[in-house]
Amino acid sequence: MIETPTARLAFEDFGPAIPPRPAFGRWLAGTIAGWTAFVAFLLFISWLLLAIAALFARLGPIGAAVGNIVGLILILVMVTATLLTMADRKWSALMQDRVGPNRARLSIIPGLRNRPLKGIPHVLADVLKMLFKEDFIPEGAMNNKVLFNLAPLLAFAPAFMLFAIVPVSPEVTFLGQRIQLQVARVDWGILYVFALASLAVFATALAGWTSDNKLALLGGLRASAQLISYEVTLGLTLVGAFIAFGTLRLEEMARLQGMLGPALRSAVVLAARAGDFLVRDDSVLFGWLPSWGFVYQPIGMILFLVAAQAEIKRAPFDTPEGESEIIGYFLEYSGLKSGLFLIAEYAETVVVAGIVTTIFLGGYHLPFIEPTVVRHFDFAWLSVFQVFAFIVKMLFIIWVMFVVRWAFPRFRYDQIMRLGWKMMLPISLFNVALTAGIFLWAGREGLAWMGGIEWLAIIAFVALSARAPRAEEAPHASH
Amino acid sequence: MPRTDLSPGERLYLREAVRGMGVLARHFWKNLFGFRDPAPEVMERKGRGVNLVSTINYPEERKEYPPGYRGMHRLVPRLDGKPRCVACYMCATACPAQCIYIEAGEYEEEAIEKYPVRFEIDELRCIVCGFCVEACPKDAIRMDTGTHAPAVLSRPLAVFDKESLLRGPAVEHSTDVLTYRVPLKTPPR
Amino acid sequence: MTVNLGPSHPAMHGTVRLIVTLDGETIVEAVPEIGFLHRGFSKSSEHSTWHQVLPYTDRLNYVSPILNNVGYIMGVEKLLGIKDTERSQYLRVLAGEISRITDHLTCIGAIGLELGAFTVFLYAMEARELLWDRISELTGARVTTSWTRVGGVASDLPPGWEQKLRDCLPRVMELTGEVDTLLTRNRIFIDRTRGIGVLSAEEAVDWGFTGPCLRATGVNYDVRKAHPYLVYDRMDFEVPLGASGDTYDRYILRLEEIRQSHRIVLQCLEQMPPGPILIDDWRYALPPKKEVFGSIEGVMAHFKLITEGIQVPPGEVYVYTEGANGELGFHLVSNGKGKPYAIQVRGPGLPILSALPRLIKGHAIADLIPIFDSINMIGGEVEQ
């Protein structure tokens, strides 16, 4: 009919066409340079954290504590959580074949006029947006204004306080000061986590109730029930780890997972003759395996990750927010209050990742190469690398949690309950009993054997439970 | 249809968890390191700052509209720059949205007697069905500009008049007999 | 407790409002309220020529517009008693099946999105975009195609298009496979969908279900097989059937239909004969441009067709095709005056939507979402 139009206006606005794929060499160089810069940045941050702690430690013991609070809570957790808001969007974009946010520009700074900078300016833009948005309080919430305003604070504060007991570095002499990157060293260690984590229930319940909104109320109810249920599993999954390490103190657990465990105890002596002694170490399992928590407690680790995911209300356990059903318990919040709820979620992610790293992934320890590092550098440098290792492990766990978040559909509310009470609780109880029995019978070595067998069993289970017959064999309508 | 029961691994969520995370992780690393997905659209992408993900990074890179794309209208000019349109009202009749407004006038000295004094298209009313192009007996209106109707800040700006519609390369058909009675004053563009 | 969901609610795509009475989290009663997208299709059609109705049909089911185009034009052709050319029949089937794939992809993606699996949605969208790009090269627009004509179609395959389609179909199927991996055997998804929103075969027939929702209950009714039109009788494809009529069956049935449509598309590409895409009858089809520009007969036929429209003899037909959601019926009445006297559409979505209160009664409010998605209500065809 119509002739195919041949004459067309040129695409003069869109610039010259460039080849779609950059040359391999350039791509390789760019990739290597980017990753090197990333690693160098993380190393610098590690050094910075230690330096801050050392600097404050000059002011005495209180100064040391303040330094840790500044370094760990204000810098490490806060900045990581803030960046995670962007990382979540960027990483999910990569998983979903998207570009991700890239519109915000730092046009004020010369030279950065038209650069997306991997979307990092969006963090700034988001914060500004939340600060300057109208702080709207619905009419129904005016009667309970105090409680309404209290809810975001109650969500925000515990999330950050949780990190207080996570050890990020061993006790080390850095810049002439004896420091350890850990805010509080307390006997009750991990119990502090359980105690504070349950405070989040108040935030959700208050937010849901005071909002005077039916959907928010539903969200608050769901959140309360879910958080309380998963407290139980969360606690029980770690009991196995307590048994394996024989302590509640996280710094003690982290120390026990190192290959330099006894060595660090008498660091000064060993620094002098850090030679062959370091290689023979009691804390190495079977002579080669780092005695990290995941070796002892595979089931405990997986269950803890799942329970923690539920405890911080992230997908697939995000029924309290379930944005396509009920909008969530923070439905009526706006501006910075809403932002506090969101950032609290990311801070909780960081904390959970920190705890998992400490208990199950060897904390700040580098696998295998610690003696070599000490031999070539000194303990101060080793601690920089250890903080680096901690951050990398933490980021890895966060990444895994994000992948889980984006991979799965949401549970239904009653299914979450069923999963928590009928599946995870019995398994974790069984795990506790088994761990205790084996520990009494064969000690930590026996636990390691158990863990190895459990890992093999899990892998075999996943690999061999083959997919059931598929569509092709099903009867079709025949014509 | 397949209604098989779940195997134990699937029952414990684990197997599908691993598989699902595998899919996402594959996409993640593939996109992070810039191995392009072999979709034909992506391979053909042109523009400044080409990114390596399947999604188009819109303002920096654009997808060229295909040749048959029904885009913004244009009034096709003759070789002497005047519109080919003879104001026959066919397009205005065929238009289901009644977005074309024509006022006809008469040439004094040309073989073609009629021309549009006003020719306006309300791009907000237009539903881009292309019936006007089909209806035109003189090949005077086309939708081959390769752009879409631009966004405007107020409604009157979306009404395009004859001058702004008259653009693009001129068209001359062999069947256009007796187009010019007087010799061309300006050489054809 | 009464909760109002929609019309602006994340899960209420297609702008519908549900007034839900809850007992705890259990739905006691749900009243859907439609009409937010009502455009007055039937009335508008009465003021257009038969040809000018075509753009309205694009906007019925805006996820698979070509299927609507084909359905409507087949009705007009039946009124006129003419038959389109063979190549155009193949083209209609080809583009229609691509449209069906896009529709099912949208539905599956929406199920994923609203169950929280956002990735599934974006994979489905990526696949859909690839196909819509092909559609846009073929028809000139992604969604508002207006591509069919009385007696044929508007444009032939552009050069190189077939190869492009063959290039992008594997990618589409790969992405569909990834969606399959992410959802089909995932226990979370199965728990959310299996046994949810069950309707027995008898009840489904009573409600007037058609399409995937009916076949999910096990009733073997597909217009393409039961009353073959166009060239569907030459295609080798299967009609997947469900067993229990729950949300999971509706989901997996759509997934399987995507595979079957893929087969049909490939067969179309292979079997398609060369030839004209439009009948050479100037009473119904516009003459070729060469005749319009160059001959007086062409111009006259052209002018008559444009100004008066196609002269359809008085009569009344009902034409039904297999739309993406079920039987898409056009009831056309002509009084012979050049414009439709009445056009009624049997949108497959309306009977299904009307059964929604029955489907979701007694389920949790969270189940509302997968059920509502799986019936794939498209506001355009339900509310017309």
# chains A, B, ... in the order shown; residues from 1 in each chain; ligands from 1

call {"tool": "residues_around", "arguments": {"residues": "segment 71-85 of chain B", "least_positions_apart": "2", "cutoff": "6 Å", "atoms": "only C-alpha atoms", "output": "PDB file with all heavy atoms, in the first residue's frame"}}
result
ATOM      1  N   TYR B  69       8.005   3.529  10.923  1.00  0.00           N
ATOM      2  CA  TYR B  69       7.404   4.025  12.158  1.00  0.00           C
ATOM      3  C   TYR B  69       6.513   5.227  11.893  1.00  0.00           C
ATOM      4  O   TYR B  69       6.877   6.140  11.159  1.00  0.00           O
ATOM      5  CB  TYR B  69       8.506   4.396  13.131  1.00  0.00           C
ATOM      6  CG  TYR B  69       7.994   4.733  14.504  1.00  0.00           C
ATOM      7  CD1 TYR B  69       7.658   3.720  15.378  1.00  0.00           C
ATOM      8  CD2 TYR B  69       7.844   6.049  14.917  1.00  0.00           C
ATOM      9  CE1 TYR B  69       7.176   4.007  16.630  1.00  0.00           C
ATOM     10  CE2 TYR B  69       7.356   6.345  16.166  1.00  0.00           C
ATOM     11  CZ  TYR B  69       7.029   5.311  17.019  1.00  0.00           C
ATOM     12  OH  TYR B  69       6.558   5.613  18.253  1.00  0.00           O
ATOM     13  N   ALA B  87      -5.126  20.551  -0.682  1.00  0.00           N
ATOM     14  CA  ALA B  87      -6.282  20.883   0.149  1.00  0.00           C
ATOM     15  C   ALA B  87      -7.535  20.160  -0.317  1.00  0.00           C
ATOM     16  O   ALA B  87      -8.572  20.752  -0.566  1.00  0.00           O
ATOM     17  CB  ALA B  87      -6.522  22.388   0.182  1.00  0.00           C
ATOM     18  N   ALA B 140       1.213  13.955   0.087  1.00  0.00           N
ATOM     19  CA  ALA B 140       1.572  15.259   0.604  1.00  0.00           C
ATOM     20  C   ALA B 140       1.765  15.248   2.107  1.00  0.00           C
ATOM     21  O   ALA B 140       2.309  16.188   2.651  1.00  0.00           O
ATOM     22  CB  ALA B 140       0.488  16.278   0.252  1.00  0.00           C
ATOM     23  N   ILE B 141       1.273  14.227   2.760  1.00  0.00           N
ATOM     24  CA  ILE B 141       1.480  14.154   4.215  1.00  0.00           C
ATOM     25  C   ILE B 141       2.111  12.813   4.515  1.00  0.00           C
ATOM     26  O   ILE B 141       1.733  11.792   3.954  1.00  0.00           O
ATOM     27  CB  ILE B 141       0.148  14.367   4.973  1.00  0.00           C
ATOM     28  CG1 ILE B 141       0.388  14.393   6.474  1.00  0.00           C
ATOM     29  CG2 ILE B 141      -0.886  13.337   4.608  1.00  0.00           C
ATOM     30  CD1 ILE B 141      -0.809  14.861   7.247  1.00  0.00           C
ATOM     31  N   ARG B 142       3.129  12.869   5.319  1.00  0.00           N
ATOM     32  CA  ARG B 142       3.840  11.642   5.665  1.00  0.00           C
ATOM     33  C   ARG B 142       4.119  11.641   7.152  1.00  0.00           C
ATOM     34  O   ARG B 142       4.115  12.688   7.799  1.00  0.00           O
ATOM     35  CB  ARG B 142       5.167  11.560   4.916  1.00  0.00           C
ATOM     36  CG  ARG B 142       5.046  11.146   3.473  1.00  0.00           C
ATOM     37  CD  ARG B 142       6.415  10.878   2.956  1.00  0.00           C
ATOM     38  NE  ARG B 142       6.403  10.488   1.555  1.00  0.00           N
ATOM     39  CZ  ARG B 142       7.495  10.079   0.920  1.00  0.00           C
ATOM     40  NH1 ARG B 142       8.641  10.031   1.565  1.00  0.00           N
ATOM     41  NH2 ARG B 142       7.429   9.727  -0.349  1.00  0.00           N
ATOM     42  N   MET B 143       4.390  10.459   7.683  1.00  0.00           N
ATOM     43  CA  MET B 143       4.730  10.362   9.107  1.00  0.00           C
ATOM     44  C   MET B 143       6.128   9.773   9.260  1.00  0.00           C
ATOM     45  O   MET B 143       6.388   8.986  10.136  1.00  0.00           O
ATOM     46  CB  MET B 143       3.709   9.503   9.837  1.00  0.00           C
ATOM     47  CG  MET B 143       2.322  10.067   9.763  1.00  0.00           C
ATOM     48  SD  MET B 143       1.121   9.023  10.542  1.00  0.00           S
ATOM     49  CE  MET B 143       1.059   9.707  12.156  1.00  0.00           C
ATOM     50  N   THR B 145       9.074  11.300   9.850  1.00  0.00           N
ATOM     51  CA  THR B 145      10.102  12.187  10.387  1.00  0.00           C
ATOM     52  C   THR B 145      11.062  11.473  11.326  1.00  0.00           C
ATOM     53  O   THR B 145      12.097  12.011  11.672  1.00  0.00           O
ATOM     54  CB  THR B 145       9.453  13.345  11.151  1.00  0.00           C
ATOM     55  OG1 THR B 145       8.395  12.820  11.932  1.00  0.00           O
ATOM     56  CG2 THR B 145       8.920  14.387  10.218  1.00  0.00           C
ATOM     57  N   GLY B 146      10.681  10.275  11.769  1.00  0.00           N
ATOM     58  CA  GLY B 146      11.584   9.555  12.664  1.00  0.00           C
ATOM     59  C   GLY B 146      11.611  10.117  14.066  1.00  0.00           C
ATOM     60  O   GLY B 146      12.456   9.742  14.865  1.00  0.00           O
ATOM     61  N   THR B 147      10.730  11.032  14.342  1.00  0.00           N
ATOM     62  CA  THR B 147      10.608  11.531  15.708  1.00  0.00           C
ATOM     63  C   THR B 147       9.150  11.413  16.106  1.00  0.00           C
ATOM     64  O   THR B 147       8.276  11.208  15.276  1.00  0.00           O
ATOM     65  CB  THR B 147      11.016  13.005  15.821  1.00  0.00           C
ATOM     66  OG1 THR B 147      10.224  13.750  14.908  1.00  0.00           O
ATOM     67  CG2 THR B 147      12.468  13.199  15.535  1.00  0.00           C
ATOM     68  N   HIS B 148       8.925  11.565  17.378  1.00  0.00           N
ATOM     69  CA  HIS B 148       7.547  11.594  17.824  1.00  0.00           C
ATOM     70  C   HIS B 148       7.168  13.051  18.047  1.00  0.00           C
ATOM     71  O   HIS B 148       8.021  13.936  18.036  1.00  0.00           O
ATOM     72  CB  HIS B 148       7.379  10.792  19.096  1.00  0.00           C
ATOM     73  CG  HIS B 148       8.437  11.062  20.103  1.00  0.00           C
ATOM     74  ND1 HIS B 148       9.544  10.260  20.240  1.00  0.00           N
ATOM     75  CD2 HIS B 148       8.593  12.065  20.973  1.00  0.00           C
ATOM     76  CE1 HIS B 148      10.317  10.750  21.171  1.00  0.00           C
ATOM     77  NE2 HIS B 148       9.772  11.843  21.637  1.00  0.00           N
ATOM     78  N   ALA B 149       5.904  13.289  18.259  1.00  0.00           N
ATOM     79  CA  ALA B 149       5.469  14.654  18.520  1.00  0.00           C
ATOM     80  C   ALA B 149       6.117  15.122  19.817  1.00  0.00           C
ATOM     81  O   ALA B 149       6.096  14.410  20.815  1.00  0.00           O
ATOM     82  CB  ALA B 149       3.953  14.695  18.654  1.00  0.00           C
ATOM     83  N   LEU B 165       5.021  22.298   9.917  1.00  0.00           N
ATOM     84  CA  LEU B 165       4.871  20.934   9.415  1.00  0.00           C
ATOM     85  C   LEU B 165       5.610  20.720   8.106  1.00  0.00           C
ATOM     86  O   LEU B 165       5.927  19.594   7.740  1.00  0.00           O
ATOM     87  CB  LEU B 165       3.391  20.621   9.197  1.00  0.00           C
ATOM     88  CG  LEU B 165       2.561  20.378  10.446  1.00  0.00           C
ATOM     89  CD1 LEU B 165       1.092  20.330  10.098  1.00  0.00           C
ATOM     90  CD2 LEU B 165       2.977  19.101  11.116  1.00  0.00           C
ATOM     91  N   LEU B 166       5.846  21.808   7.397  1.00  0.00           N
ATOM     92  CA  LEU B 166       6.440  21.697   6.057  1.00  0.00           C
ATOM     93  C   LEU B 166       7.946  21.532   6.195  1.00  0.00           C
ATOM     94  O   LEU B 166       8.668  22.504   6.348  1.00  0.00           O
ATOM     95  CB  LEU B 166       6.105  22.951   5.271  1.00  0.00           C
ATOM     96  CG  LEU B 166       6.523  22.972   3.804  1.00  0.00           C
ATOM     97  CD1 LEU B 166       5.742  21.937   3.041  1.00  0.00           C
ATOM     98  CD2 LEU B 166       6.305  24.335   3.215  1.00  0.00           C
ATOM     99  N   ALA B 170      12.165  17.120  -0.210  1.00  0.00           N
ATOM    100  CA  ALA B 170      11.094  17.295  -1.186  1.00  0.00           C
ATOM    101  C   ALA B 170      10.881  16.005  -1.960  1.00  0.00           C
ATOM    102  O   ALA B 170      11.763  15.165  -2.067  1.00  0.00           O
ATOM    103  CB  ALA B 170      11.446  18.415  -2.143  1.00  0.00           C
ATOM    104  N   VAL B 171       9.679  15.845  -2.483  1.00  0.00           N
ATOM    105  CA  VAL B 171       9.326  14.626  -3.193  1.00  0.00           C
ATOM    106  C   VAL B 171       8.719  15.017  -4.532  1.00  0.00           C
ATOM    107  O   VAL B 171       7.937  15.958  -4.622  1.00  0.00           O
ATOM    108  CB  VAL B 171       8.323  13.786  -2.383  1.00  0.00           C
ATOM    109  CG1 VAL B 171       7.750  12.671  -3.236  1.00  0.00           C
ATOM    110  CG2 VAL B 171       8.977  13.208  -1.166  1.00  0.00           C
ATOM    111  N   PRO B 188      15.766  23.930  -7.547  1.00  0.00           N
ATOM    112  CA  PRO B 188      15.264  22.943  -6.567  1.00  0.00           C
ATOM    113  C   PRO B 188      16.291  22.671  -5.481  1.00  0.00           C
ATOM    114  O   PRO B 188      17.491  22.617  -5.752  1.00  0.00           O
ATOM    115  CB  PRO B 188      14.990  21.713  -7.419  1.00  0.00           C
ATOM    116  CG  PRO B 188      15.664  21.948  -8.705  1.00  0.00           C
ATOM    117  CD  PRO B 188      15.800  23.415  -8.895  1.00  0.00           C
TER     118      PRO B 188
END

call {"tool": "interface_residues", "arguments": {"of": "chain C", "to": "chain B", "cutoff": "6 Å", "atoms": "only C-alpha atoms", "output": "list in words"}}
result
Gln52, Glu137, Gly140, Cys168, Leu182, Asn186, Arg187, Leu241, Gly242, Val292, Gly294 and Ile306 of chain C

call {"tool": "write_last_selection", "arguments": {"atoms": "N, CA and C atoms", "output": "compact mmCIF listing (two decimals), in the first residue's frame"}}
result
# COMPACT_ATOMS: atom_id res chain seq x y z
N GLN C 52 -12.78 3.59 10.31
CA GLN C 52 -12.29 4.43 11.41
C GLN C 52 -12.47 3.80 12.78
N GLU C 137 8.31 -2.36 14.09
CA GLU C 137 8.88 -2.33 12.74
C GLU C 137 7.86 -2.81 11.71
N GLY C 140 4.41 -0.13 12.51
CA GLY C 140 4.62 1.30 12.61
C GLY C 140 4.33 1.85 13.99
N CYS C 168 15.67 -12.64 17.61
CA CYS C 168 15.27 -12.25 18.96
C CYS C 168 14.37 -13.27 19.62
N LEU C 182 12.65 -19.14 37.83
CA LEU C 182 12.49 -18.37 39.06
C LEU C 182 11.16 -18.68 39.76
N ASN C 186 9.30 -22.96 42.39
CA ASN C 186 9.66 -22.32 43.65
C ASN C 186 8.55 -22.54 44.67
N ARG C 187 8.93 -23.08 45.81
CA ARG C 187 7.87 -23.46 46.75
C ARG C 187 7.12 -22.24 47.25
N LEU C 241 -3.83 -27.85 28.76
CA LEU C 241 -5.00 -27.86 29.63
C LEU C 241 -4.56 -27.99 31.07
N GLY C 242 -5.28 -27.30 31.94
CA GLY C 242 -5.01 -27.42 33.36
C GLY C 242 -5.89 -28.48 33.96
N VAL C 292 -3.61 5.61 -7.60
CA VAL C 292 -4.19 6.86 -7.08
C VAL C 292 -3.50 8.05 -7.70
N GLY C 294 -1.76 8.12 -10.47
CA GLY C 294 -1.64 8.17 -11.91
C GLY C 294 -2.90 7.96 -12.72
N ILE C 306 -12.60 6.89 0.89
CA ILE C 306 -12.25 7.73 2.03
C ILE C 306 -13.45 8.54 2.49

call {"tool": "select_by_dssp", "arguments": {"residues": "segment 175-246 of chain C", "states": "alpha helix (DSSP H)", "output": "PyMOL selection string"}}
result
chain C and resi 175-183+187-193+201-207+211-215+223-226

call {"tool": "write_last_selection", "arguments": {"atoms": "N, CA and C atoms", "output": "CSV table (one decimal), in the first residue's frame"}}
result
chain,number,residue,atom,x,y,z
C,175,LEU,N,14.6,-15.8,28.1
C,175,LEU,CA,14.1,-15.0,29.3
C,175,LEU,C,12.8,-15.7,29.8
C,176,THR,N,12.0,-16.2,29.0
C,176,THR,CA,10.8,-17.0,29.5
C,176,THR,C,11.3,-18.1,30.3
C,177,GLY,N,12.3,-18.8,29.8
C,177,GLY,CA,12.9,-19.9,30.6
C,177,GLY,C,13.4,-19.5,32.0
C,178,GLU,N,14.0,-18.3,32.0
C,178,GLU,CA,14.5,-17.8,33.3
C,178,GLU,C,13.3,-17.5,34.2
C,179,VAL,N,12.2,-16.9,33.7
C,179,VAL,CA,11.0,-16.7,34.5
C,179,VAL,C,10.6,-18.0,35.0
C,180,ASP,N,10.6,-19.0,34.1
C,180,ASP,CA,10.1,-20.4,34.5
C,180,ASP,C,11.0,-20.9,35.7
C,181,THR,N,12.3,-20.7,35.6
C,181,THR,CA,13.2,-21.1,36.6
C,181,THR,C,12.9,-20.4,37.9
C,182,LEU,N,12.7,-19.1,37.8
C,182,LEU,CA,12.5,-18.4,39.1
C,182,LEU,C,11.2,-18.7,39.8
C,183,LEU,N,10.1,-19.0,39.0
C,183,LEU,CA,8.8,-19.2,39.6
C,183,LEU,C,8.3,-20.6,39.7
C,187,ARG,N,8.9,-23.1,45.8
C,187,ARG,CA,7.9,-23.5,46.8
C,187,ARG,C,7.1,-22.2,47.2
C,188,ILE,N,7.8,-21.1,47.4
C,188,ILE,CA,7.1,-19.9,47.9
C,188,ILE,C,6.0,-19.6,46.9
C,189,PHE,N,6.3,-19.6,45.6
C,189,PHE,CA,5.4,-19.3,44.6
C,189,PHE,C,4.2,-20.3,44.5
C,190,ILE,N,4.6,-21.6,44.7
C,190,ILE,CA,3.6,-22.6,44.6
C,190,ILE,C,2.6,-22.5,45.8
C,191,ASP,N,3.2,-22.2,47.0
C,191,ASP,CA,2.3,-22.1,48.1
C,191,ASP,C,1.4,-20.9,47.9
C,192,ARG,N,1.9,-19.9,47.3
C,192,ARG,CA,1.0,-18.7,47.1
C,192,ARG,C,-0.1,-18.9,46.0
C,193,THR,N,0.2,-19.8,45.1
C,193,THR,CA,-0.8,-19.9,44.0
C,193,THR,C,-1.6,-21.2,44.0
C,201,ALA,N,-14.8,-26.8,36.6
C,201,ALA,CA,-15.0,-26.6,35.2
C,201,ALA,C,-16.5,-26.2,34.9
C,202,GLU,N,-17.4,-26.8,35.7
C,202,GLU,CA,-18.8,-26.5,35.4
C,202,GLU,C,-19.0,-25.0,35.8
C,203,GLU,N,-18.5,-24.6,36.9
C,203,GLU,CA,-18.7,-23.2,37.4
C,203,GLU,C,-18.1,-22.3,36.4
C,204,ALA,N,-16.9,-22.6,35.9
C,204,ALA,CA,-16.2,-21.7,34.9
C,204,ALA,C,-17.1,-21.6,33.7
C,205,VAL,N,-17.7,-22.6,33.2
C,205,VAL,CA,-18.5,-22.6,32.0
C,205,VAL,C,-19.7,-21.7,32.3
C,206,ASP,N,-20.3,-21.9,33.5
C,206,ASP,CA,-21.5,-21.1,33.9
C,206,ASP,C,-21.1,-19.6,34.0
C,207,TRP,N,-20.0,-19.3,34.5
C,207,TRP,CA,-19.6,-17.9,34.5
C,207,TRP,C,-19.3,-17.3,33.2
C,211,GLY,N,-10.8,-18.9,27.3
C,211,GLY,CA,-9.4,-18.6,27.2
C,211,GLY,C,-8.6,-19.4,28.3
C,212,PRO,N,-7.4,-18.9,28.7
C,212,PRO,CA,-6.6,-19.6,29.6
C,212,PRO,C,-7.3,-19.9,30.9
C,213,CYS,N,-8.1,-19.0,31.4
C,213,CYS,CA,-8.8,-19.2,32.7
C,213,CYS,C,-9.7,-20.4,32.6
C,214,LEU,N,-10.4,-20.6,31.4
C,214,LEU,CA,-11.3,-21.7,31.3
C,214,LEU,C,-10.4,-23.0,31.1
C,215,ARG,N,-9.4,-22.9,30.3
C,215,ARG,CA,-8.6,-24.1,30.0
C,215,ARG,C,-7.9,-24.6,31.3
C,223,VAL,N,-10.7,-21.4,20.6
C,223,VAL,CA,-11.4,-21.1,19.3
C,223,VAL,C,-10.5,-21.4,18.2
C,224,ARG,N,-9.2,-21.3,18.4
C,224,ARG,CA,-8.3,-21.6,17.3
C,224,ARG,C,-8.4,-23.1,16.9
C,225,LYS,N,-8.7,-24.0,17.8
C,225,LYS,CA,-8.8,-25.4,17.5
C,225,LYS,C,-10.3,-25.8,17.2
C,226,ALA,N,-11.2,-25.2,18.1
C,226,ALA,CA,-12.6,-25.6,18.0
C,226,ALA,C,-13.2,-25.1,16.7

call {"tool": "residues_around", "arguments": {"residues": "segment 388-405 of chain A", "least_positions_apart": "4", "cutoff": "9 Å", "atoms": "only C-alpha atoms", "output": "PyMOL selection string"}}
result
(chain A and resi 39+42-47+84+88+91-92+95+168-169+305+309+314-317+349-358+361-366+383-384+409) or (chain B and resi 17+20-21+24-25) or (chain C and resi 116-117)

call {"tool": "atom_distance", "arguments": {"atom1": "atom CA of Glu123 of chain B", "atom2": "atom CA of Asp161 of chain B"}}
result
10.5 Å

call {"tool": "closest_residue", "arguments": {"among": "C:Leu105, C:Leu122, C:Ile98, C:Ala285", "to": "chain A", "atoms": "only C-alpha atoms"}}
result
C:Leu122

call {"tool": "residues_around", "arguments": {"residues": "segment 118-121 of chain B", "least_positions_apart": "3", "cutoff": "7 Å", "atoms": "only C-alpha atoms", "output": "list in words"}}
result
Cys99, Ile100, Tyr101, Ile102, Glu103, Val159, Phe160, Asp161 and Lys162 of chain B

call {"tool": "write_last_selection", "arguments": {"atoms": "all heavy atoms", "output": "short mmCIF file (atom, residue, chain, number, x, y, z; two decimals), in the first residue's frame"}}
result
data_model
loop_
_atom_site.label_atom_id
_atom_site.label_comp_id
_atom_site.auth_asym_id
_atom_site.auth_seq_id
_atom_site.Cartn_x
_atom_site.Cartn_y
_atom_site.Cartn_z
N CYS B 99 -8.28 15.66 13.97
CA CYS B 99 -7.24 16.54 14.48
C CYS B 99 -6.67 17.42 13.38
O CYS B 99 -5.81 18.25 13.65
CB CYS B 99 -6.12 15.73 15.11
SG CYS B 99 -5.15 14.76 13.98
N ILE B 100 -7.13 17.27 12.14
CA ILE B 100 -6.56 18.06 11.05
C ILE B 100 -7.54 19.16 10.66
O ILE B 100 -8.74 18.91 10.49
CB ILE B 100 -6.26 17.16 9.83
CG1 ILE B 100 -5.34 16.02 10.24
CG2 ILE B 100 -5.64 17.97 8.71
CD1 ILE B 100 -4.99 15.09 9.13
N TYR B 101 -7.04 20.36 10.56
CA TYR B 101 -7.86 21.49 10.15
C TYR B 101 -7.24 22.11 8.92
O TYR B 101 -6.07 22.47 8.91
CB TYR B 101 -7.96 22.53 11.27
CG TYR B 101 -8.75 23.74 10.86
CD1 TYR B 101 -10.14 23.70 10.83
CD2 TYR B 101 -8.11 24.91 10.48
CE1 TYR B 101 -10.86 24.79 10.44
CE2 TYR B 101 -8.83 26.02 10.09
CZ TYR B 101 -10.22 25.95 10.07
OH TYR B 101 -10.93 27.03 9.67
N ILE B 102 -8.05 22.22 7.86
CA ILE B 102 -7.51 22.75 6.60
C ILE B 102 -8.40 23.90 6.14
O ILE B 102 -9.64 23.83 6.24
CB ILE B 102 -7.49 21.66 5.50
CG1 ILE B 102 -6.73 20.43 5.99
CG2 ILE B 102 -6.86 22.18 4.23
CD1 ILE B 102 -6.79 19.28 5.04
N GLU B 103 -7.75 24.95 5.64
CA GLU B 103 -8.47 26.00 4.93
C GLU B 103 -7.86 26.10 3.55
O GLU B 103 -6.65 26.29 3.42
CB GLU B 103 -8.31 27.35 5.65
CG GLU B 103 -9.54 27.76 6.45
CD GLU B 103 -9.33 29.10 7.09
OE1 GLU B 103 -8.87 30.03 6.39
OE2 GLU B 103 -9.58 29.19 8.29
N VAL B 159 -0.50 22.50 18.63
CA VAL B 159 -1.13 22.64 17.32
C VAL B 159 -0.05 23.12 16.34
O VAL B 159 0.47 24.22 16.48
CB VAL B 159 -2.29 23.64 17.38
CG1 VAL B 159 -2.94 23.75 16.01
CG2 VAL B 159 -3.30 23.20 18.41
N PHE B 160 0.28 22.25 15.40
CA PHE B 160 1.35 22.58 14.47
C PHE B 160 0.75 23.17 13.20
O PHE B 160 -0.16 22.59 12.62
CB PHE B 160 2.16 21.34 14.15
CG PHE B 160 3.08 20.95 15.27
CD1 PHE B 160 2.60 20.30 16.38
CD2 PHE B 160 4.42 21.26 15.22
CE1 PHE B 160 3.43 19.96 17.43
CE2 PHE B 160 5.26 20.93 16.25
CZ PHE B 160 4.76 20.27 17.36
N ASP B 161 1.27 24.29 12.80
CA ASP B 161 0.71 24.93 11.61
C ASP B 161 1.50 24.52 10.38
O ASP B 161 2.43 23.72 10.43
CB ASP B 161 0.67 26.44 11.78
CG ASP B 161 2.04 27.01 12.03
OD1 ASP B 161 3.01 26.20 12.02
OD2 ASP B 161 2.17 28.22 12.24
N LYS B 162 1.11 25.10 9.24
CA LYS B 162 1.66 24.67 7.97
C LYS B 162 3.17 24.86 7.93
O LYS B 162 3.90 23.99 7.46
CB LYS B 162 1.00 25.48 6.84
CG LYS B 162 1.26 24.92 5.47
CD LYS B 162 0.47 25.68 4.44
CE LYS B 162 1.21 26.94 4.02
NZ LYS B 162 0.51 27.65 2.94
#
